[in-house]
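Undergrad: The structure that follows is given in the form of structure tokens.
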Amino acid sequence: MTTAPVATATATERLEVRADSDVVRVRQLVRAVAQKARLSLVDQTKLVTAASELARNTLVYGGGGDVEVELVTDGRRSGVRAVFSDEGPGIADLDLALTDGWTSGSGLGLGLSGSRRLVEQFSIDTAPGAGTRVEIATWSR
Amino acid sequence: MPAVAPETLAQTLVDHAPTVRAAWLDAAADELRGRTTRGELEREQTDIYDALVDGLRAGGTEVSAEAFDQLRGILADVSAARARLGFTPRETAVGMFALKEGLYALAGSPDAMAGLVPLLRLVDDLGLFTFETFASAREAIISEQAEQLLELSTPVVKLWEGIVAVPLVGTLDSARTQVVMEKLLNTLVETGSTQAIIDITGVPAVDTQVAQHLLKTVVAARLMGAECTISGIRPQIAQTIVALGIEFGDIRTRATLADALVDALREGRRSPAGVTA
Amino acid sequence: MSDAVPILKIGTTLLVSIQVDLQDDTALQLQEDVAERITRTGARGVIIDISGLEIVDSFIGRMLASVAAVSRVLDARTVVVGMRPAVAITMVELGLSLGGVRTALDVERGLALLAPEHESAEDVLLAAAEREAR
């Protein structure tokens, strides 16, 4: 499979990320949608872990924001797409932020770089002062 | 040319059903001789014809219309069944396209003339739809078989109490190595084994990616509390590993499966409970 | 605020069984609680059972590694037990390690792993006294 599937969304759910407990809620929502999309257990676990990292980034570095999770389908396969957005300070040096072990805060510096490895599709849109928007997706096999 | 109302098309099909159906059945039966019986074909065509008439009556003009949901369902079932039975794409599509023979038989009837072109066009679309569903059914079968083959080619065996092994044979690609990894780790939990052996005697070559997967398996096993040995590394593979600069670090490697088993037994006796991750 | 994770004491071992999806502040609280219980009870070992955890992300991974490190300073050994295969695969892919912590398949094996070093103060004194007497 060389081309990315053309996705149509069937249901979208939105959660605010303002507190620690919201990160847990994001994990639960992503898990539920991943099960609906019939992802394998390992793919579910990878996706939920990536969502957890990104939701925490939204909270800690973005100063809060929101997450949209949707079940998508390209006709043959189903998948999960999640978008994390905040209106925080944004990321000045994206290449650096995507490097293992680099952190501007007190974390391990695996949030962005690590979660990119855990999902099938990963894209990030950010600029200093303009907030950050990360979109991830994983498809059933 | 003014568009002909779908209801009119439905009426045409109903009025001329005997003529159209007879020519359709003849044409299809001719093509599919030996593959399916005439009776079966007739039953199938009745379902399709009725659904087509119903869809037109419900106002359907395009194959993708909601009115044709039932018809598309029937066609998808027929195509999928044919794909499973090993029909060729031609044999599958011809069942639908043969309906055009039935429609040509109406060329002499003045009351049917107006509806002929739109009906023929519709049949073309239905034929293409049949072809499409046949192709995706075939694709599904192929990936199903690939998966089964993958499962079959990676047996995880219990060698001893607390020791499991997976003998790998053939070329390893990333997908297969990942399946092995998952299966091995699951077996550790199921059997309560603290020692695992991955034997690659039957693997002709290892590239960087596969080596990475093997390393990841070992690290994942340690996180779970089990130790993993890689055995059966041929001289060429050892050379590749070194040449590629892959760091095997503190990962246990043994020349043969027998060596690995002896070591696992020894290790199992010395520290039966767990490992350092 | 979610509930704190219960810490049980079995002999000289503390058993921490994480059964719910951990919120970050709960994880931090747990880290403090374990250290406090080790000093209070003189425990020599800590078993953290994570068989109930569906994911271990960098935050929880770091918590596990710090519990182990803090325990080591307080002279207690930590064993993380029951990690699910899917969680282990994900952790490796994420690039997380537990920084040299001991691991075992389940609580029973975790206890066995800690057993040899499970000598109580009395055991040591009695053994010394016996040697003295000989």
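Please note that chains go A, B, ... in the order of the structure tokens, that every chain numbers its residues from 1, and that ligands are numbered from 1 in the order shown.
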Write out, as CSV, each residue of chain A that has an atom at most 10 Å from chain C, together with the closest pair of atoms and their distance in Å to one decimal, counting only C-alpha atoms, rows going by chain and rising number.

TA:
```
residue,atom,partner,partner_atom,distance
A:Ala19,CA,C:Asp24,CA,9.7
A:Asp20,CA,C:Asp24,CA,6.0
A:Ser21,CA,C:Gln23,CA,6.0
A:Asp22,CA,C:Gln23,CA,8.9
A:Val23,CA,C:Gln23,CA,7.5
A:Val24,CA,C:Gln23,CA,6.2
A:Arg25,CA,C:Gln23,CA,9.6
A:Arg27,CA,C:Asp21,CA,9.0
A:Gln28,CA,C:Asp21,CA,9.0
A:Arg31,CA,C:Glu54,CA,9.7
A:Ser40,CA,C:Ala86,CA,9.7
A:Leu41,CA,C:Ala86,CA,6.7
A:Val42,CA,C:Ala86,CA,4.8
A:Asp43,CA,C:Ala86,CA,8.3
A:Gln44,CA,C:Ala86,CA,8.8
A:Thr45,CA,C:Ile55,CA,6.3
A:Lys46,CA,C:Thr90,CA,5.4
A:Leu47,CA,C:Thr90,CA,9.1
A:Val48,CA,C:Ile55,CA,7.4
A:Thr49,CA,C:Asp57,CA,5.6
A:Ala50,CA,C:Asp57,CA,7.9
A:Ala51,CA,C:Asp57,CA,9.5
A:Ser52,CA,C:Asp57,CA,6.9
A:Glu53,CA,C:Asp57,CA,6.7
A:Arg56,CA,C:Phe59,CA,9.2
A:Asp100,CA,C:Gly95,CA,8.3
A:Gly101,CA,C:Gly95,CA,9.4
A:Gly107,CA,C:Phe59,CA,7.6
A:Leu108,CA,C:Ser58,CA,6.9
A:Gly109,CA,C:Ser58,CA,8.8
A:Leu110,CA,C:Ser58,CA,7.0
A:Gly111,CA,C:Ser58,CA,7.3
A:Leu112,CA,C:Leu94,CA,9.8
A:Ser113,CA,C:Leu94,CA,8.1
A:Gly114,CA,C:Leu94,CA,4.5
A:Ser115,CA,C:Leu94,CA,6.5
A:Arg116,CA,C:Leu94,CA,8.6
A:Arg117,CA,C:Glu93,CA,6.7
A:Leu118,CA,C:Glu93,CA,6.7
```

Undergrad: Selection from above, N, CA, C and O atoms, as a short mmCIF file (atom, residue, chain, number, x, y, z; two decimals), in the first residue's frame, can you write it?

TA:
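Saved file part.cif follows:
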```
data_model
loop_
_atom_site.label_atom_id
_atom_site.label_comp_id
_atom_site.auth_asym_id
_atom_site.auth_seq_id
_atom_site.Cartn_x
_atom_site.Cartn_y
_atom_site.Cartn_z
N ALA A 19 -6.91 19.67 32.49
CA ALA A 19 -6.39 19.14 33.76
C ALA A 19 -5.88 17.72 33.56
O ALA A 19 -6.15 17.09 32.53
N ASP A 20 -5.14 17.22 34.55
CA ASP A 20 -4.61 15.86 34.50
C ASP A 20 -5.69 14.83 34.18
O ASP A 20 -5.47 13.91 33.40
N SER A 21 -6.85 15.01 34.80
CA SER A 21 -7.91 14.02 34.62
C SER A 21 -8.39 14.00 33.16
O SER A 21 -8.87 12.98 32.68
N ASP A 22 -8.23 15.12 32.45
CA ASP A 22 -8.64 15.15 31.04
C ASP A 22 -7.74 14.26 30.18
O ASP A 22 -8.19 13.69 29.19
N VAL A 23 -6.46 14.15 30.57
CA VAL A 23 -5.54 13.29 29.81
C VAL A 23 -6.04 11.85 29.88
O VAL A 23 -6.05 11.12 28.88
N VAL A 24 -6.49 11.44 31.07
CA VAL A 24 -7.03 10.09 31.24
C VAL A 24 -8.28 9.92 30.37
O VAL A 24 -8.46 8.89 29.71
N ARG A 25 -9.11 10.97 30.33
CA ARG A 25 -10.33 10.91 29.53
C ARG A 25 -10.01 10.77 28.03
O ARG A 25 -10.67 10.04 27.31
N ARG A 27 -7.35 9.32 26.80
CA ARG A 27 -6.91 7.93 26.60
C ARG A 27 -8.11 7.01 26.46
O ARG A 27 -8.15 6.14 25.57
N GLN A 28 -9.10 7.20 27.33
CA GLN A 28 -10.27 6.32 27.31
C GLN A 28 -11.07 6.48 26.02
O GLN A 28 -11.51 5.50 25.43
N ARG A 31 -9.15 4.92 23.12
CA ARG A 31 -9.24 3.46 23.23
C ARG A 31 -10.59 2.97 22.70
O ARG A 31 -10.65 2.01 21.93
N SER A 40 -5.73 -3.78 16.00
CA SER A 40 -5.18 -4.89 16.79
C SER A 40 -4.82 -4.35 18.17
O SER A 40 -4.66 -3.15 18.36
N LEU A 41 -4.66 -5.27 19.13
CA LEU A 41 -4.38 -4.84 20.50
C LEU A 41 -3.09 -4.00 20.58
O LEU A 41 -3.05 -2.97 21.26
N VAL A 42 -2.07 -4.44 19.84
CA VAL A 42 -0.81 -3.70 19.87
C VAL A 42 -0.99 -2.31 19.25
O VAL A 42 -0.52 -1.31 19.81
N ASP A 43 -1.71 -2.24 18.12
CA ASP A 43 -1.94 -0.94 17.49
C ASP A 43 -2.78 -0.02 18.38
O ASP A 43 -2.54 1.18 18.44
N GLN A 44 -3.77 -0.60 19.06
CA GLN A 44 -4.57 0.17 20.02
C GLN A 44 -3.67 0.76 21.09
O GLN A 44 -3.74 1.95 21.40
N THR A 45 -2.81 -0.10 21.64
CA THR A 45 -1.94 0.33 22.74
C THR A 45 -0.99 1.43 22.29
O THR A 45 -0.80 2.42 23.00
N LYS A 46 -0.44 1.26 21.08
CA LYS A 46 0.47 2.28 20.56
C LYS A 46 -0.26 3.61 20.38
O LYS A 46 0.24 4.67 20.76
N LEU A 47 -1.46 3.54 19.78
CA LEU A 47 -2.22 4.76 19.51
C LEU A 47 -2.61 5.47 20.81
O LEU A 47 -2.48 6.69 20.93
N VAL A 48 -3.10 4.71 21.78
CA VAL A 48 -3.52 5.31 23.05
C VAL A 48 -2.32 5.93 23.77
O VAL A 48 -2.42 7.02 24.33
N THR A 49 -1.18 5.25 23.70
CA THR A 49 0.03 5.79 24.34
C THR A 49 0.44 7.10 23.66
O THR A 49 0.76 8.09 24.35
N ALA A 50 0.41 7.13 22.33
CA ALA A 50 0.74 8.36 21.60
C ALA A 50 -0.22 9.48 21.98
O ALA A 50 0.19 10.61 22.23
N ALA A 51 -1.52 9.13 22.07
CA ALA A 51 -2.53 10.14 22.43
C ALA A 51 -2.26 10.68 23.82
O ALA A 51 -2.42 11.88 24.08
N SER A 52 -1.84 9.79 24.72
CA SER A 52 -1.55 10.21 26.08
C SER A 52 -0.40 11.21 26.11
O SER A 52 -0.47 12.26 26.77
N GLU A 53 0.66 10.91 25.34
CA GLU A 53 1.82 11.82 25.27
C GLU A 53 1.40 13.18 24.72
O GLU A 53 1.77 14.22 25.25
N ARG A 56 -0.84 15.25 26.96
CA ARG A 56 -0.05 15.86 28.04
C ARG A 56 0.73 17.06 27.52
O ARG A 56 0.81 18.08 28.19
N ASP A 100 14.73 12.75 19.72
CA ASP A 100 14.65 11.98 20.95
C ASP A 100 15.45 12.64 22.06
O ASP A 100 16.60 13.02 21.86
N GLY A 101 14.83 12.73 23.22
CA GLY A 101 15.58 13.19 24.38
C GLY A 101 15.65 14.69 24.56
O GLY A 101 16.11 15.19 25.58
N GLY A 107 10.20 16.89 31.07
CA GLY A 107 9.88 15.53 30.65
C GLY A 107 11.10 14.76 30.15
O GLY A 107 12.23 15.21 30.28
N LEU A 108 10.83 13.61 29.56
CA LEU A 108 11.92 12.77 29.05
C LEU A 108 12.28 13.17 27.62
O LEU A 108 13.23 12.67 27.06
N GLY A 109 11.47 14.03 27.01
CA GLY A 109 11.74 14.43 25.64
C GLY A 109 11.39 13.34 24.64
O GLY A 109 11.97 13.26 23.57
N LEU A 110 10.43 12.49 24.99
CA LEU A 110 10.03 11.42 24.07
C LEU A 110 8.63 11.66 23.53
O LEU A 110 8.16 10.94 22.67
N GLY A 111 7.96 12.66 24.08
CA GLY A 111 6.56 12.89 23.72
C GLY A 111 6.32 12.99 22.23
O GLY A 111 5.61 12.17 21.66
N LEU A 112 6.94 13.97 21.58
CA LEU A 112 6.70 14.16 20.15
C LEU A 112 7.39 13.11 19.30
O LEU A 112 6.77 12.45 18.48
N SER A 113 8.69 12.94 19.52
CA SER A 113 9.46 12.01 18.69
C SER A 113 8.96 10.58 18.89
O SER A 113 8.82 9.83 17.93
N GLY A 114 8.67 10.22 20.13
CA GLY A 114 8.22 8.86 20.42
C GLY A 114 6.84 8.59 19.85
O GLY A 114 6.61 7.56 19.24
N SER A 115 5.93 9.54 20.03
CA SER A 115 4.57 9.26 19.58
C SER A 115 4.51 9.20 18.06
O SER A 115 3.67 8.52 17.50
N ARG A 116 5.44 9.90 17.39
CA ARG A 116 5.47 9.81 15.93
C ARG A 116 5.75 8.37 15.49
O ARG A 116 5.23 7.90 14.49
N ARG A 117 6.59 7.65 16.27
CA ARG A 117 6.92 6.26 15.93
C ARG A 117 5.77 5.30 16.22
O ARG A 117 5.77 4.17 15.75
N LEU A 118 4.82 5.74 17.05
CA LEU A 118 3.76 4.83 17.48
C LEU A 118 2.54 4.82 16.56
O LEU A 118 1.65 4.01 16.72
#
```

Undergrad: If we count only C-alpha atoms, which residues of chain C reach to within 6 Å of chain B? Please list them as a ChimeraX atom specification.

TA: /C:83,85,88-89,100-105,109,113

Undergrad: Considering only C-alpha atoms, can you say which of B:Ser136, B:Asp199, B:Val156, B:Ile246 comes closest to chain A?

TA: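 For chain A, the nearest of the given residues is B:Ser136.
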
Undergrad: Near Glu139 in chain B, counting only C-alpha atoms, which residues have an atom at most 12 Å away, once you skip same-chain residues fewer than 6 positions from it, shown as a list of chain:residue names?

TA: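 The filter keeps A:Arg76, B:Ala80, B:Ala83, B:Arg84, B:Glu132, B:Thr133, B:Gln145, B:Ala146.
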
Undergrad: For chain A, which of B:Glu44, B:Ala175, B:Ala27, B:Ile233 is the closest residue, counting only C-alpha atoms?

TA: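 Between B:Glu44, B:Ala175, B:Ala27, B:Ile233, the residue approaching chain A most closely is B:Ala175.
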
Undergrad: Record the distance separating CA of Gln195 in chain B and CA of Thr229 in chain B, expressed in Å with one decimal.

TA: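 If I compute the distance from CA of Gln195 in chain B to CA of Thr229 in chain B, I get 7.9 Å.
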
Undergrad: Compile the contact shell of Glu120 in chain A as a PDB file with all heavy atoms, in the first residue's frame: residues with an atom at most 9 Å away, counting only C-alpha atoms, same-chain residues fewer than 6 positions apart removed.

TA:
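File part-v8.pdb, as written:
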```pdb
ATOM      1  N   ILE A 136      -2.766  12.827  14.221  1.00  0.00           N
ATOM      2  CA  ILE A 136      -2.256  11.460  14.093  1.00  0.00           C
ATOM      3  C   ILE A 136      -3.365  10.543  13.571  1.00  0.00           C
ATOM      4  O   ILE A 136      -4.539  10.835  13.734  1.00  0.00           O
ATOM      5  CB  ILE A 136      -1.727  10.897  15.435  1.00  0.00           C
ATOM      6  CG1 ILE A 136      -2.821  10.927  16.512  1.00  0.00           C
ATOM      7  CG2 ILE A 136      -0.496  11.644  15.889  1.00  0.00           C
ATOM      8  CD1 ILE A 136      -2.444  10.220  17.806  1.00  0.00           C
ATOM      9  N   ALA A 137      -2.964   9.449  12.940  1.00  0.00           N
ATOM     10  CA  ALA A 137      -3.952   8.467  12.497  1.00  0.00           C
ATOM     11  C   ALA A 137      -3.312   7.089  12.423  1.00  0.00           C
ATOM     12  O   ALA A 137      -2.122   6.952  12.136  1.00  0.00           O
ATOM     13  CB  ALA A 137      -4.523   8.850  11.138  1.00  0.00           C
ATOM     14  N   THR A 138      -4.103   6.078  12.744  1.00  0.00           N
ATOM     15  CA  THR A 138      -3.672   4.692  12.593  1.00  0.00           C
ATOM     16  C   THR A 138      -4.831   3.918  11.972  1.00  0.00           C
ATOM     17  O   THR A 138      -5.993   4.167  12.296  1.00  0.00           O
ATOM     18  CB  THR A 138      -3.283   4.089  13.954  1.00  0.00           C
ATOM     19  OG1 THR A 138      -2.090   4.704  14.406  1.00  0.00           O
ATOM     20  CG2 THR A 138      -3.038   2.587  13.841  1.00  0.00           C
ATOM     21  N   TRP A 139      -4.488   3.005  11.056  1.00  0.00           N
ATOM     22  CA  TRP A 139      -5.513   2.254  10.313  1.00  0.00           C
ATOM     23  C   TRP A 139      -5.488   0.780  10.666  1.00  0.00           C
ATOM     24  O   TRP A 139      -4.446   0.231  11.007  1.00  0.00           O
ATOM     25  CB  TRP A 139      -5.285   2.439   8.809  1.00  0.00           C
ATOM     26  CG  TRP A 139      -5.503   3.852   8.373  1.00  0.00           C
ATOM     27  CD1 TRP A 139      -4.596   4.871   8.448  1.00  0.00           C
ATOM     28  CD2 TRP A 139      -6.703   4.413   7.850  1.00  0.00           C
ATOM     29  NE1 TRP A 139      -5.167   6.028   7.997  1.00  0.00           N
ATOM     30  CE2 TRP A 139      -6.455   5.772   7.610  1.00  0.00           C
ATOM     31  CE3 TRP A 139      -7.966   3.869   7.548  1.00  0.00           C
ATOM     32  CZ2 TRP A 139      -7.435   6.623   7.094  1.00  0.00           C
ATOM     33  CZ3 TRP A 139      -8.921   4.719   7.019  1.00  0.00           C
ATOM     34  CH2 TRP A 139      -8.661   6.082   6.798  1.00  0.00           C
TER      35      TRP A 139
END
```

Undergrad: With only C-alpha atoms as the counted atoms, please give the residues lying no more than 12 Å from range 49-56 of chain B, apart from itself and same-chain residues fewer than 4 positions off, as a compact mmCIF listing (two decimals) with C-alpha atoms, in the first residue's frame.

TA:
```txt
# COMPACT_ATOMS: atom_id res chain seq x y z
CA VAL B 4 -36.96 8.90 -18.87
CA ALA B 5 -38.49 8.60 -15.38
CA PRO B 6 -37.17 5.64 -13.40
CA GLU B 7 -40.74 4.41 -12.87
CA THR B 8 -41.14 4.16 -16.65
CA LEU B 9 -37.94 2.12 -16.87
CA ALA B 10 -39.23 -0.18 -14.15
CA GLN B 11 -42.48 -0.58 -16.06
CA THR B 12 -40.59 -1.45 -19.25
CA LEU B 13 -38.66 -4.14 -17.40
CA VAL B 14 -41.84 -5.56 -15.88
CA ASP B 15 -43.79 -5.49 -19.16
CA HIS B 16 -41.07 -7.25 -21.10
CA ALA B 17 -39.79 -9.46 -18.32
CA PRO B 18 -40.28 -12.78 -20.14
CA VAL B 20 -35.56 -9.91 -21.42
CA ARG B 21 -35.14 -12.61 -18.79
CA TRP B 24 -30.35 -12.76 -20.33
CA LEU B 25 -30.45 -16.30 -18.99
CA LEU B 41 -28.37 -18.81 -12.42
CA GLU B 42 -32.10 -18.26 -12.88
CA ARG B 43 -32.63 -17.90 -9.13
CA GLU B 44 -29.79 -15.42 -8.94
CA GLN B 45 -31.11 -13.42 -11.90
CA GLY B 60 -33.06 5.27 -8.32
CA THR B 61 -31.13 6.69 -11.28
CA GLU B 62 -27.50 6.12 -10.26
CA VAL B 63 -26.04 2.81 -9.07
CA SER B 64 -24.80 4.56 -5.93
CA ALA B 65 -28.35 5.75 -5.04
CA GLU B 66 -29.92 4.68 -1.78
CA ALA B 67 -32.77 3.12 -3.77
CA PHE B 68 -30.32 0.52 -5.07
CA ASP B 69 -28.95 -0.47 -1.63
CA GLN B 70 -30.57 -3.88 -1.83
CA LEU B 71 -29.43 -4.47 -5.39
CA ARG B 72 -25.84 -3.55 -4.56
CA GLY B 73 -26.03 -5.89 -1.54
CA ILE B 74 -27.12 -8.78 -3.76
CA LEU B 75 -24.45 -8.05 -6.39
CA GLY B 95 -23.41 -12.44 -15.39
CA MET B 96 -24.41 -8.77 -15.22
CA LEU B 99 -28.49 -8.55 -19.21
CA GLY B 102 -31.88 -9.24 -22.91
CA GLY B 115 -35.96 3.38 -22.00
CA PRO B 118 -30.74 4.63 -19.95
CA LEU B 119 -31.25 0.96 -19.06
CA LEU B 122 -27.38 1.44 -15.90
CA VAL B 123 -26.42 -2.15 -16.68
CA LEU B 126 -23.90 -2.35 -12.47
```

Undergrad: List every residue of range 40-141 of chain A that DSSP, applied to the backbone of this structure, places in helix (DSSP H, G or I), and write the result as a PyMOL selection string.

TA: chain A and resi 41-60+94-97+111-118

Undergrad: Find the residues around Gly65 in chain A up to 6 Å (only C-alpha atoms counted), leave out those fewer than 5 positions away in its own chain, and share them as a ChimeraX atom specification.

TA: /A:17,85-86

Undergrad: Could you write out that same residue set with N, CA and C atoms as a PDB file, in the first residue's frame?

TA:
```
ATOM      1  N   VAL A  17      -8.828  19.701  27.051  1.00  0.00           N
ATOM      2  CA  VAL A  17      -7.720  19.241  27.884  1.00  0.00           C
ATOM      3  C   VAL A  17      -7.288  20.406  28.777  1.00  0.00           C
ATOM      4  N   SER A  85      -5.023  20.250  19.501  1.00  0.00           N
ATOM      5  CA  SER A  85      -4.674  21.647  19.227  1.00  0.00           C
ATOM      6  C   SER A  85      -4.653  22.500  20.488  1.00  0.00           C
ATOM      7  N   ASP A  86      -3.723  23.444  20.483  1.00  0.00           N
ATOM      8  CA  ASP A  86      -3.647  24.401  21.589  1.00  0.00           C
ATOM      9  C   ASP A  86      -3.294  25.769  21.030  1.00  0.00           C
TER      10      ASP A  86
END
```

Undergrad: Neighbouring residues of Arg77 in chain A were defined as those with any atom within 9 Å, considering only C-alpha atoms; residues of the same chain fewer than 5 positions away were excluded. Please report them as a short mmCIF file (atom, residue, chain, number, x, y, z; two decimals) with N, CA and C atoms, in the first residue's frame.

TA:
```cif
data_model
loop_
_atom_site.label_atom_id
_atom_site.label_comp_id
_atom_site.auth_asym_id
_atom_site.auth_seq_id
_atom_site.Cartn_x
_atom_site.Cartn_y
_atom_site.Cartn_z
N PRO A 5 -4.70 6.32 2.61
CA PRO A 5 -6.12 6.15 2.34
C PRO A 5 -6.85 7.49 2.36
N ALA A 37 -12.80 0.77 15.59
CA ALA A 37 -12.13 0.69 14.29
C ALA A 37 -11.46 -0.67 14.11
N VAL A 72 -12.58 6.90 11.25
CA VAL A 72 -12.54 7.21 9.82
C VAL A 72 -12.52 5.91 9.01
N TRP A 139 -4.49 3.00 11.06
CA TRP A 139 -5.51 2.25 10.31
C TRP A 139 -5.49 0.78 10.67
N SER A 140 -6.65 0.16 10.54
CA SER A 140 -6.71 -1.28 10.78
C SER A 140 -5.97 -1.98 9.64
N ARG A 141 -5.50 -3.22 9.89
CA ARG A 141 -4.74 -3.93 8.86
C ARG A 141 -5.65 -4.65 7.89
#
```

Undergrad: Between B:Asp207, B:Asp26, B:Glu147, B:Asp77, which has the minimum distance to chain A (counting only C-alpha atoms)?

TA: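 Among B:Asp207, B:Asp26, B:Glu147, B:Asp77, it is B:Glu147 that comes nearest to chain A.
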
Undergrad: Can you pull out every residue from chain A that DSSP, working from the backbone, puts in strand (DSSP E), and format the result as a PyMOL selection string?

TA: chain A and resi 8-17+65-73+78-86+121-126+132-139

Undergrad: Under the rule that only C-alpha atoms are counted, which of C:Ala128, C:Ala76, C:Gly110, C:Glu36 is the nearest residue to Ile7 in chain C?

TA: C:Glu36
